[in-house]
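A.B. asks: The file below is upload.cif, mmCIF, C-alpha atoms:
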```cif
data_model
loop_
_atom_site.label_atom_id
_atom_site.label_comp_id
_atom_site.auth_asym_id
_atom_site.auth_seq_id
_atom_site.Cartn_x
_atom_site.Cartn_y
_atom_site.Cartn_z
CA MET A 1 -99.08 158.04 -177.01
CA THR A 2 -102.78 158.73 -177.42
CA SER A 3 -103.54 155.03 -177.03
CA ASP A 4 -102.35 155.33 -173.43
CA PRO A 5 -103.88 158.59 -172.23
CA LEU A 6 -103.94 160.00 -168.73
CA VAL A 7 -107.52 160.26 -167.48
CA ILE A 8 -108.37 162.35 -164.42
CA ALA A 9 -111.97 162.97 -163.34
CA GLY A 10 -113.18 161.86 -166.74
CA ARG A 11 -110.95 164.27 -168.63
CA THR A 12 -108.37 162.87 -171.05
CA PHE A 13 -104.83 164.19 -171.36
CA ARG A 14 -102.43 163.11 -174.11
CA SER A 15 -99.36 163.89 -172.06
CA ARG A 16 -98.38 162.45 -168.68
CA LEU A 17 -96.14 165.42 -168.00
CA VAL A 18 -97.68 168.37 -166.16
CA VAL A 19 -95.59 171.53 -166.13
CA GLY A 20 -95.53 174.68 -164.03
CA THR A 21 -95.42 178.29 -165.19
CA GLY A 22 -93.16 179.74 -162.51
CA LYS A 23 -89.54 180.90 -162.44
CA TYR A 24 -88.92 181.00 -166.19
CA PRO A 25 -86.45 183.55 -167.51
CA SER A 26 -89.30 185.02 -169.58
CA ASN A 27 -92.85 184.30 -170.67
CA ALA A 28 -91.58 183.64 -174.19
CA VAL A 29 -89.16 180.95 -172.97
CA MET A 30 -91.97 179.48 -170.88
CA ALA A 31 -94.20 179.18 -173.94
CA ASP A 32 -91.40 177.52 -175.93
CA ALA A 33 -90.68 175.13 -173.07
CA HIS A 34 -94.34 174.17 -172.79
CA ARG A 35 -94.42 173.42 -176.50
CA ALA A 36 -91.25 171.34 -176.29
CA SER A 37 -92.57 169.41 -173.31
CA GLY A 38 -95.70 168.33 -175.16
CA THR A 39 -97.71 169.04 -172.05
CA ASP A 40 -101.43 169.61 -172.14
CA MET A 41 -101.81 170.80 -168.54
CA VAL A 42 -99.95 173.58 -166.74
CA THR A 43 -100.26 174.96 -163.24
CA VAL A 44 -100.67 178.62 -162.33
CA ALA A 45 -100.71 180.46 -159.01
CA VAL A 46 -103.34 182.91 -157.75
CA ARG A 47 -102.07 186.29 -156.58
CA ARG A 48 -103.28 189.82 -155.99
CA VAL A 49 -103.35 192.07 -159.01
CA ASN A 50 -100.58 194.64 -158.77
CA LEU A 51 -102.56 197.87 -158.63
CA HIS A 52 -99.50 199.99 -159.34
CA ASP A 53 -98.35 198.02 -162.37
CA LYS A 54 -99.90 199.33 -165.56
CA SER A 55 -98.42 196.55 -167.68
CA LYS A 56 -101.11 194.80 -169.66
CA GLU A 57 -99.14 191.60 -170.14
CA SER A 58 -100.96 188.63 -168.70
CA LEU A 59 -99.47 185.18 -168.13
CA ILE A 60 -102.51 183.67 -169.82
CA ASP A 61 -101.52 185.39 -173.08
CA TYR A 62 -98.51 183.05 -173.20
CA ILE A 63 -100.42 179.82 -172.63
CA ASP A 64 -101.91 178.19 -175.71
CA ARG A 65 -105.36 177.44 -174.37
CA GLU A 66 -106.30 175.47 -177.46
CA GLN A 67 -103.71 172.87 -176.46
CA ILE A 68 -103.23 173.37 -172.75
CA PHE A 69 -105.54 173.04 -169.76
CA ILE A 70 -104.88 175.49 -166.92
CA LEU A 71 -104.74 174.07 -163.38
CA PRO A 72 -104.71 176.76 -160.67
CA ASN A 73 -102.83 175.98 -157.48
CA THR A 74 -103.15 177.20 -153.91
CA ALA A 75 -99.42 177.73 -153.51
CA GLY A 76 -98.41 179.85 -150.54
CA CYS A 77 -101.40 178.86 -148.42
CA TYR A 78 -100.56 177.72 -144.90
CA THR A 79 -104.08 177.12 -143.65
CA ALA A 80 -107.07 175.17 -144.92
CA GLU A 81 -109.11 178.39 -144.84
CA ASP A 82 -106.68 180.27 -147.11
CA ALA A 83 -106.45 177.33 -149.50
CA ILE A 84 -110.23 177.06 -149.68
CA ARG A 85 -110.59 180.82 -150.31
CA THR A 86 -107.93 180.67 -152.99
CA ALA A 87 -109.53 177.69 -154.70
CA ARG A 88 -112.91 179.45 -154.76
CA LEU A 89 -111.32 182.56 -156.26
CA ALA A 90 -109.50 180.48 -158.84
CA ARG A 91 -112.75 178.84 -159.86
CA GLU A 92 -114.38 182.22 -160.27
CA VAL A 93 -111.78 183.31 -162.83
CA GLY A 94 -113.94 181.00 -164.85
CA LEU A 95 -111.71 178.47 -166.52
CA SER A 96 -112.64 175.33 -164.58
CA ASN A 97 -113.40 173.87 -161.17
CA TRP A 98 -110.07 172.07 -160.99
CA VAL A 99 -107.51 172.89 -158.32
CA LYS A 100 -104.06 171.68 -157.37
CA LEU A 101 -104.52 171.91 -153.63
CA GLU A 102 -101.51 172.89 -151.54
CA VAL A 103 -101.55 173.60 -147.82
CA ILE A 104 -97.99 174.12 -146.71
CA GLY A 105 -96.82 173.09 -143.26
CA ASP A 106 -93.21 174.24 -143.20
CA GLU A 107 -91.46 177.19 -144.84
CA ARG A 108 -88.08 175.57 -145.39
CA THR A 109 -89.12 172.24 -146.79
CA LEU A 110 -92.53 173.34 -148.15
CA PHE A 111 -93.81 169.97 -146.99
CA PRO A 112 -97.58 169.82 -146.81
CA ASP A 113 -99.67 170.19 -143.67
CA ASN A 114 -101.61 167.01 -144.31
CA VAL A 115 -104.13 167.56 -141.53
CA ALA A 116 -105.23 170.88 -143.02
CA LEU A 117 -104.90 169.48 -146.53
CA LEU A 118 -107.30 166.66 -145.73
CA GLU A 119 -109.85 169.10 -144.31
CA ALA A 120 -109.59 171.41 -147.32
CA THR A 121 -109.86 168.46 -149.72
CA ARG A 122 -113.07 167.33 -148.06
CA VAL A 123 -114.61 170.83 -148.14
CA LEU A 124 -113.67 171.53 -151.75
CA ALA A 125 -114.63 168.08 -153.05
CA ASN A 126 -118.04 168.58 -151.44
CA GLU A 127 -118.35 171.90 -153.29
CA GLY A 128 -117.80 170.10 -156.57
CA PHE A 129 -114.16 170.93 -157.16
CA VAL A 130 -111.87 168.48 -158.92
CA VAL A 131 -109.17 168.35 -156.24
CA LEU A 132 -105.60 167.28 -156.95
CA PRO A 133 -103.80 167.52 -153.60
CA TYR A 134 -100.02 167.92 -153.37
CA THR A 135 -99.08 165.67 -150.47
CA SER A 136 -96.40 163.56 -148.78
CA ASP A 137 -95.08 160.27 -150.08
CA ASP A 138 -97.08 158.64 -147.30
CA PRO A 139 -99.50 155.89 -148.34
CA VAL A 140 -101.73 156.52 -145.33
CA ILE A 141 -102.48 160.15 -146.15
CA CYS A 142 -102.89 159.32 -149.84
CA LEU A 143 -105.64 156.84 -149.01
CA LYS A 144 -107.34 159.35 -146.71
CA LEU A 145 -107.22 162.03 -149.42
CA GLU A 146 -108.74 159.64 -151.91
CA ASP A 147 -111.52 158.76 -149.48
CA ALA A 148 -112.10 162.48 -148.87
CA GLY A 149 -112.85 162.93 -152.57
CA ALA A 150 -109.54 163.77 -154.24
CA ALA A 151 -109.66 163.12 -157.99
CA ALA A 152 -105.99 162.15 -157.98
CA VAL A 153 -103.22 162.12 -155.40
CA MET A 154 -99.93 163.90 -155.91
CA PRO A 155 -97.21 162.64 -153.59
CA LEU A 156 -93.95 164.56 -153.67
CA GLY A 157 -90.75 162.98 -154.90
CA ALA A 158 -88.62 165.37 -152.84
CA PRO A 159 -88.99 168.96 -151.59
CA ILE A 160 -90.29 171.48 -154.13
CA GLY A 161 -87.44 172.84 -156.23
CA SER A 162 -84.84 170.61 -154.58
CA GLY A 163 -83.98 168.57 -157.65
CA LEU A 164 -83.30 165.58 -155.39
CA GLY A 165 -85.37 163.17 -157.45
CA ILE A 166 -87.54 160.36 -156.09
CA GLN A 167 -86.41 160.05 -152.47
CA ASN A 168 -88.65 157.13 -151.51
CA PRO A 169 -89.44 155.01 -154.56
CA ASN A 170 -90.79 152.19 -152.42
CA ASN A 171 -93.44 154.47 -150.91
CA ILE A 172 -94.39 155.77 -154.34
CA ARG A 173 -94.83 152.22 -155.56
CA ILE A 174 -96.97 151.36 -152.54
CA ILE A 175 -99.10 154.45 -153.14
CA LYS A 176 -99.64 153.50 -156.79
CA ASP A 177 -100.51 149.91 -155.90
CA GLN A 178 -103.21 150.95 -153.44
CA SER A 179 -104.75 153.91 -155.28
CA ARG A 180 -107.99 153.83 -157.20
CA VAL A 181 -107.39 157.37 -158.47
CA PRO A 182 -104.45 158.47 -160.64
CA VAL A 183 -101.12 159.09 -158.92
CA ILE A 184 -98.99 161.98 -160.10
CA VAL A 185 -95.55 162.50 -158.60
CA ASP A 186 -95.35 166.22 -157.91
CA ALA A 187 -92.19 168.04 -156.77
CA GLY A 188 -88.53 167.29 -156.46
CA VAL A 189 -87.70 166.13 -159.97
CA GLY A 190 -84.27 167.39 -161.01
CA THR A 191 -83.41 165.82 -164.31
CA ALA A 192 -84.77 163.45 -166.92
CA SER A 193 -83.83 160.20 -165.21
CA ASP A 194 -85.85 161.24 -162.15
CA ALA A 195 -88.96 161.56 -164.29
CA ALA A 196 -88.27 158.22 -165.97
CA ILE A 197 -87.79 156.54 -162.60
CA ALA A 198 -91.12 157.90 -161.38
CA MET A 199 -92.92 156.57 -164.46
CA GLU A 200 -91.16 153.19 -164.18
CA LEU A 201 -92.70 152.86 -160.73
CA GLY A 202 -96.05 152.82 -162.48
CA VAL A 203 -97.38 156.25 -161.57
CA ASP A 204 -99.77 157.94 -163.93
CA GLY A 205 -97.92 161.22 -164.40
CA VAL A 206 -95.24 163.60 -163.22
CA LEU A 207 -95.59 167.29 -162.36
CA MET A 208 -92.57 169.56 -162.39
CA ASN A 209 -91.66 173.21 -162.59
CA THR A 210 -88.16 174.06 -161.37
CA ALA A 211 -86.42 171.19 -163.19
CA ILE A 212 -87.42 172.77 -166.47
CA ALA A 213 -87.70 176.48 -165.66
CA LEU A 214 -84.31 176.77 -163.97
CA ALA A 215 -82.39 174.40 -166.22
CA GLU A 216 -79.64 176.18 -168.14
CA ASP A 217 -81.68 175.57 -171.27
CA PRO A 218 -85.33 175.19 -170.29
CA VAL A 219 -86.51 174.35 -173.79
CA VAL A 220 -84.00 171.53 -174.22
CA MET A 221 -84.77 170.22 -170.73
CA ALA A 222 -88.49 170.31 -171.54
CA SER A 223 -87.78 168.05 -174.53
CA ALA A 224 -85.71 165.76 -172.32
CA MET A 225 -88.55 165.51 -169.83
CA LYS A 226 -91.08 164.73 -172.54
CA LEU A 227 -88.92 161.84 -173.71
CA ALA A 228 -88.17 160.69 -170.18
CA VAL A 229 -91.82 160.48 -169.20
CA GLU A 230 -92.61 158.59 -172.41
CA ALA A 231 -89.64 156.25 -171.98
CA GLY A 232 -90.45 155.54 -168.35
CA ARG A 233 -94.06 154.82 -169.21
CA LEU A 234 -93.14 152.47 -172.04
CA ALA A 235 -90.62 150.67 -169.86
CA TYR A 236 -93.27 150.20 -167.20
CA ARG A 237 -95.76 148.84 -169.71
CA ALA A 238 -93.12 146.59 -171.25
CA GLY A 239 -92.55 144.75 -167.99
CA ARG A 240 -88.92 144.96 -166.90
CA ILE A 241 -86.65 142.04 -166.10
CA PRO A 242 -86.18 141.23 -162.44
CA LYS A 243 -83.02 142.29 -160.64
CA ARG A 244 -80.73 139.39 -159.83
CA PRO A 245 -77.55 139.23 -157.79
CA HIS A 246 -75.43 137.33 -160.29
CA ALA A 247 -74.90 137.21 -164.03
CA SER A 248 -77.11 135.55 -166.58
CA ALA A 249 -75.27 135.31 -169.89
CA SER A 250 -76.85 136.79 -172.95
CA SER A 251 -74.88 134.68 -175.42
CA PRO A 252 -75.24 130.85 -175.70
CA MET A 253 -72.60 128.54 -174.24
CA ASP A 254 -72.98 125.90 -176.97
CA GLY A 255 -70.65 125.98 -179.96
CA ARG A 256 -67.87 128.04 -178.43
CA ILE A 257 -64.45 127.48 -180.01
CA ALA A 258 -62.67 128.26 -176.75
CA ALA A 259 -61.84 125.25 -174.54
CA ALA A 260 -63.73 124.97 -171.28
CA ALA A 261 -61.79 126.32 -168.26
CA ALA A 262 -59.72 123.75 -166.31
CA GLY A 263 -61.78 121.89 -163.69
CA GLY A 264 -64.96 122.76 -165.58
CA ARG A 265 -65.77 125.69 -163.32
CA ALA A 266 -66.69 128.12 -166.10
CA GLY A 267 -69.87 129.95 -165.22
CA ALA A 268 -73.06 128.86 -166.96
CA MET P 1 -114.49 206.85 -147.89
CA THR P 2 -111.85 204.25 -147.17
CA ILE P 3 -111.95 200.62 -148.14
CA ARG P 4 -109.32 197.93 -147.87
CA LEU P 5 -108.13 196.90 -151.32
CA ASN P 6 -105.62 194.05 -151.72
CA GLY P 7 -104.54 194.53 -148.14
CA GLU P 8 -104.07 198.30 -148.26
CA PRO P 9 -106.25 201.32 -147.52
CA TYR P 10 -107.83 202.79 -150.63
CA GLU P 11 -109.90 205.93 -151.06
CA ILE P 12 -113.07 206.01 -153.11
CA ALA P 13 -115.46 208.93 -153.50
CA GLY P 14 -118.56 206.96 -152.50
CA PRO P 15 -120.20 203.53 -152.76
CA VAL P 16 -119.32 201.91 -156.08
CA THR P 17 -120.10 198.67 -157.87
CA ILE P 18 -117.39 196.06 -158.42
CA SER P 19 -117.68 196.73 -162.16
CA ALA P 20 -117.07 200.42 -161.67
CA LEU P 21 -114.17 199.80 -159.31
CA LEU P 22 -112.46 197.47 -161.81
CA ALA P 23 -112.98 200.02 -164.56
CA ALA P 24 -111.51 202.79 -162.41
CA LEU P 25 -108.49 200.60 -161.72
CA ASN P 26 -108.17 199.79 -165.42
CA ILE P 27 -108.47 196.06 -164.72
CA ASP P 28 -109.93 193.66 -167.27
CA PRO P 29 -112.74 191.86 -165.40
CA ARG P 30 -112.38 188.74 -167.53
CA ILE P 31 -108.96 187.76 -166.16
CA VAL P 32 -109.50 188.36 -162.46
CA ALA P 33 -111.54 187.07 -159.56
CA VAL P 34 -112.88 189.28 -156.77
CA GLU P 35 -113.58 188.71 -153.10
CA HIS P 36 -115.89 191.09 -151.21
CA ASN P 37 -115.62 190.72 -147.43
CA ILE P 38 -114.15 187.22 -147.72
CA VAL P 39 -116.88 186.05 -150.10
CA VAL P 40 -116.09 185.36 -153.75
CA VAL P 41 -118.21 187.54 -156.03
CA LYS P 42 -119.69 185.77 -159.02
CA ARG P 43 -118.83 187.51 -162.27
CA GLN P 44 -122.55 188.05 -163.07
CA GLN P 45 -122.87 189.95 -159.78
CA TYR P 46 -120.16 192.56 -160.48
CA ASP P 47 -122.76 195.11 -161.60
CA ALA P 48 -125.00 194.41 -158.62
CA THR P 49 -122.43 194.23 -155.82
CA VAL P 50 -121.79 197.56 -154.10
CA VAL P 51 -118.59 198.34 -152.21
CA ARG P 52 -119.09 200.53 -149.12
CA GLU P 53 -117.00 202.16 -146.39
CA GLY P 54 -114.77 199.68 -144.58
CA ASP P 55 -115.33 196.83 -147.03
CA GLU P 56 -112.45 194.47 -147.86
CA ILE P 57 -111.82 193.73 -151.49
CA GLU P 58 -109.34 191.25 -152.93
CA ILE P 59 -108.68 191.25 -156.67
CA VAL P 60 -106.56 188.32 -157.88
CA ARG P 61 -105.35 186.89 -161.14
CA PHE P 62 -103.29 183.95 -162.40
CA VAL P 63 -99.50 184.28 -162.28
CA GLY P 64 -96.66 181.87 -162.87
CA GLY P 65 -96.40 179.05 -160.36
CA GLY P 66 -95.66 175.35 -159.90
#
```
Would you mind writing the file's structure down as structure tokens?
C.D. replies:
Amino acid sequence: MTSDPLVIAGRTFRSRLVVGTGKYPSNAVMADAHRASGTDMVTVAVRRVNLHDKSKESLIDYIDREQIFILPNTAGCYTAEDAIRTARLAREVGLSNWVKLEVIGDERTLFPDNVALLEATRVLANEGFVVLPYTSDDPVICLKLEDAGAAAVMPLGAPIGSGLGIQNPNNIRIIKDQSRVPVIVDAGVGTASDAAIAMELGVDGVLMNTAIALAEDPVVMASAMKLAVEAGRLAYRAGRIPKRPHASASSPMDGRIAAAAAGGRAGA
Amino acid sequence: MTIRLNGEPYEIAGPVTISALLAALNIDPRIVAVEHNIVVVKRQQYDATVVREGDEIEIVRFVGGG
């Protein structure tokens, strides 16, 4: 699919599937799942070093950095200030100035606090970060985030980890139609058809973690998601048929051996 | 002297550079980022930045996440 790459902030990605690194049964399974997914961008979180843990194993050891770009997130931040601090720390680890910006507004739903998110986006974009904000499926906030300097917008499909799929496809379509930056559906995907549906709406990519990591077989699900994102993208580019309320026969009416129905009311 | 390290009190013998602190903690400086009193410390400044009594240090690294 390299003739149809995903481009964000001038950087080209072969895959339109972005995958998380959390909640896998093991780092080894995670690495296998990433490979199966074909992804070339994964998200990571930023957390305090455990000073009492002498284990030398680092998550980064299990990410193939030749193939995969690392996107730090600001998961767990409930204020703009915390998200901004976290983003600055993430940048200082030295891999890039990219950040998946999350400012959470509610513990149960993990829905974003869009007011704080907008403020943090503005601050970080002005500091030269490439900001990819996780946000609501609300076209108004997506436009504001874009105007504030976001390099892409990432509306949720459904709550993080819920597996509910694309809850408001109409909003997602509206967001894609109005956006000048790439649109990546982030959060809520449960299974392959959800990812395909998102791509059929025309969005530029899909980001998921739980759907793969907590599947019974993460590596097989990662393959499914790779195919689903590709299939959805191809279907979108192919231009689907319209939906119609009644039938439209696929086989010709001429030359049938069967007699026409009495009264000539056979459907056309 | 006491500093605050990753949210908890921590005893050090005297003022120490970030580099020395990381070494004492057996932490590889290449895979972490450090905040000194809410300000991110640039990697090139680890040798030059001194941690003193009452300072707050945060040492973070990348972990799994979505």
A.B. asks: Sorted by chain and rising residue number, list the residues of chain A at most 6 Å from chain P (counting all atoms listed in the file), each with its closest atom pair and distance in Å to one decimal, as CSV.
C.D. replies:
```
residue,atom,partner,partner_atom,distance
A:Gly20,CA,P:Gly66,CA,4.2
A:Thr21,CA,P:Gly64,CA,4.4
A:Gly22,CA,P:Gly65,CA,3.9
A:Thr43,CA,P:Gly66,CA,5.7
A:Val44,CA,P:Gly65,CA,4.7
A:Ala45,CA,P:Gly65,CA,4.7
A:Val46,CA,P:Phe62,CA,4.8
A:Arg47,CA,P:Val60,CA,5.1
A:Arg48,CA,P:Val60,CA,4.1
A:Val49,CA,P:Val60,CA,5.1
A:Leu59,CA,P:Val63,CA,5.9
A:Leu89,CA,P:Ala33,CA,5.6
A:Glu92,CA,P:Ala33,CA,5.7
A:Val93,CA,P:Ala33,CA,5.0
A:Asn209,CA,P:Gly66,CA,5.3
```
A.B. asks: Tell me which protein, DNA and RNA residues are within 12 Å of P:Arg4, counting all atoms listed in the file, leaving out same-chain ones fewer than 4 positions away, and put them as JSON, numbers by chain.
C.D. replies: {"P": [8, 9, 10, 11, 12, 35, 36, 37, 38, 51, 52, 53, 54, 55, 56, 57, 58, 59]}
A.B. asks: Would you put the residues from that selection into a file with C-alpha atoms, as a compact mmCIF listing (two decimals), keeping the file's coordinate frame?
C.D. replies:
```txt
# COMPACT_ATOMS: atom_id res chain seq x y z
CA GLU P 8 -104.07 198.30 -148.26
CA PRO P 9 -106.25 201.32 -147.52
CA TYR P 10 -107.83 202.79 -150.63
CA GLU P 11 -109.90 205.93 -151.06
CA ILE P 12 -113.07 206.01 -153.11
CA GLU P 35 -113.58 188.71 -153.10
CA HIS P 36 -115.89 191.09 -151.21
CA ASN P 37 -115.62 190.72 -147.43
CA ILE P 38 -114.15 187.22 -147.72
CA VAL P 51 -118.59 198.34 -152.21
CA ARG P 52 -119.09 200.53 -149.12
CA GLU P 53 -117.00 202.16 -146.39
CA GLY P 54 -114.77 199.68 -144.58
CA ASP P 55 -115.33 196.83 -147.03
CA GLU P 56 -112.45 194.47 -147.86
CA ILE P 57 -111.82 193.73 -151.49
CA GLU P 58 -109.34 191.25 -152.93
CA ILE P 59 -108.68 191.25 -156.67
```
A.B. asks: Would you mind listing what lies within 12 Å of A:Val103 as a ChimeraX atom specification, with only C-alpha atoms counted and same-chain residues fewer than 2 positions away left out?
C.D. replies: /A:73-87,100-101,105-107,110-121,132-136
A.B. asks: Export, as a PDB file, keeping the file's coordinate frame, the selected residues with C-alpha atoms.
C.D. replies:
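Printed below is again.pdb as written:
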```
ATOM      1  CA  ASN A  73    -102.830 175.980-157.480  1.00  0.00           C
ATOM      2  CA  THR A  74    -103.150 177.200-153.910  1.00  0.00           C
ATOM      3  CA  ALA A  75     -99.420 177.730-153.510  1.00  0.00           C
ATOM      4  CA  GLY A  76     -98.410 179.850-150.540  1.00  0.00           C
ATOM      5  CA  CYS A  77    -101.400 178.860-148.420  1.00  0.00           C
ATOM      6  CA  TYR A  78    -100.560 177.720-144.900  1.00  0.00           C
ATOM      7  CA  THR A  79    -104.080 177.120-143.650  1.00  0.00           C
ATOM      8  CA  ALA A  80    -107.070 175.170-144.920  1.00  0.00           C
ATOM      9  CA  GLU A  81    -109.110 178.390-144.840  1.00  0.00           C
ATOM     10  CA  ASP A  82    -106.680 180.270-147.110  1.00  0.00           C
ATOM     11  CA  ALA A  83    -106.450 177.330-149.500  1.00  0.00           C
ATOM     12  CA  ILE A  84    -110.230 177.060-149.680  1.00  0.00           C
ATOM     13  CA  ARG A  85    -110.590 180.820-150.310  1.00  0.00           C
ATOM     14  CA  THR A  86    -107.930 180.670-152.990  1.00  0.00           C
ATOM     15  CA  ALA A  87    -109.530 177.690-154.700  1.00  0.00           C
ATOM     16  CA  LYS A 100    -104.060 171.680-157.370  1.00  0.00           C
ATOM     17  CA  LEU A 101    -104.520 171.910-153.630  1.00  0.00           C
ATOM     18  CA  GLY A 105     -96.820 173.090-143.260  1.00  0.00           C
ATOM     19  CA  ASP A 106     -93.210 174.240-143.200  1.00  0.00           C
ATOM     20  CA  GLU A 107     -91.460 177.190-144.840  1.00  0.00           C
ATOM     21  CA  LEU A 110     -92.530 173.340-148.150  1.00  0.00           C
ATOM     22  CA  PHE A 111     -93.810 169.970-146.990  1.00  0.00           C
ATOM     23  CA  PRO A 112     -97.580 169.820-146.810  1.00  0.00           C
ATOM     24  CA  ASP A 113     -99.670 170.190-143.670  1.00  0.00           C
ATOM     25  CA  ASN A 114    -101.610 167.010-144.310  1.00  0.00           C
ATOM     26  CA  VAL A 115    -104.130 167.560-141.530  1.00  0.00           C
ATOM     27  CA  ALA A 116    -105.230 170.880-143.020  1.00  0.00           C
ATOM     28  CA  LEU A 117    -104.900 169.480-146.530  1.00  0.00           C
ATOM     29  CA  LEU A 118    -107.300 166.660-145.730  1.00  0.00           C
ATOM     30  CA  GLU A 119    -109.850 169.100-144.310  1.00  0.00           C
ATOM     31  CA  ALA A 120    -109.590 171.410-147.320  1.00  0.00           C
ATOM     32  CA  THR A 121    -109.860 168.460-149.720  1.00  0.00           C
ATOM     33  CA  LEU A 132    -105.600 167.280-156.950  1.00  0.00           C
ATOM     34  CA  PRO A 133    -103.800 167.520-153.600  1.00  0.00           C
ATOM     35  CA  TYR A 134    -100.020 167.920-153.370  1.00  0.00           C
ATOM     36  CA  THR A 135     -99.080 165.670-150.470  1.00  0.00           C
ATOM     37  CA  SER A 136     -96.400 163.560-148.780  1.00  0.00           C
TER      38      SER A 136
END
```
A.B. asks: Report the distance between atom CA of A:Thr109 and atom CA of A:Gly161 in Å, rounded to one decimal place.
C.D. replies: 9.6 Å
A.B. asks: Please write as a ChimeraX atom specification the full residue list that the PyMOL selection byres ((chain A and resi 228) around 9) yields on this file.
C.D. replies: /A:192-197,199,223-227,229-233
A.B. asks: Which of these residues is nearest to A:Gly94, using all atoms listed in the file: P:Gln44, P:Ala23, P:Thr2, P:Pro15?
C.D. replies: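 Answer, going by the shortest atom-to-atom distance: P:Gln44.
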A.B. asks: Could you list, as a ChimeraX atom specification, every residue matched by the PyMOL selection byres ((chain A and resi 206) around 7) in this structure?
C.D. replies: /A:16-18,184-186,195,205,207-208
A.B. asks: Using atom CA of A:Arg180 and atom CA of A:Val203 as the two end points, give the distance in Å to one decimal.
C.D. replies: 11.7 Å
A.B. asks: Mind pulling up the distance from atom CA of A:Glu146 to atom CA of A:Glu200?
C.D. replies: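 These two atoms are separated by 22.4 Å.
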A.B. asks: Between A:His52, A:Arg88, A:Arg108, A:Arg65, single out the one closest to A:Asp40, counting all atoms listed in the file.
C.D. replies: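 Closest to A:Asp40, using all atoms listed in the file: A:Arg65.
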A.B. asks: Please provide the set of residues having any atom within 6 Å of stretch 16-21 of chain P, restricted to all atoms listed in the file, with same-chain residues fewer than 3 positions apart removed, written as number ranges by chain.
C.D. replies: P: 24, 46-47, 49-51
A.B. asks: Which residue, A:Val42, A:Phe13, A:Ala28, A:Val219, has the smallest gap to A:Ser58 when you use all atoms listed in the file?
C.D. replies: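 Smallest separation from A:Ser58 among the options: A:Ala28.
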A.B. asks: Assuming the chain letters and numbering stay as they are in my file, what does the PyMOL selection byres ((chain A and resi 140) around 12) actually select? List them as a ChimeraX atom specification.
C.D. replies: /A:114-115,118,135-139,141-147,153,155,171-172,174-175,178-179
A.B. asks: Taking only C-alpha atoms into account, name the residue in A:Met154, A:Gly10, A:Pro218, A:Leu201 that is nearest to A:Ala187.
C.D. replies: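 Closest candidate: A:Met154.
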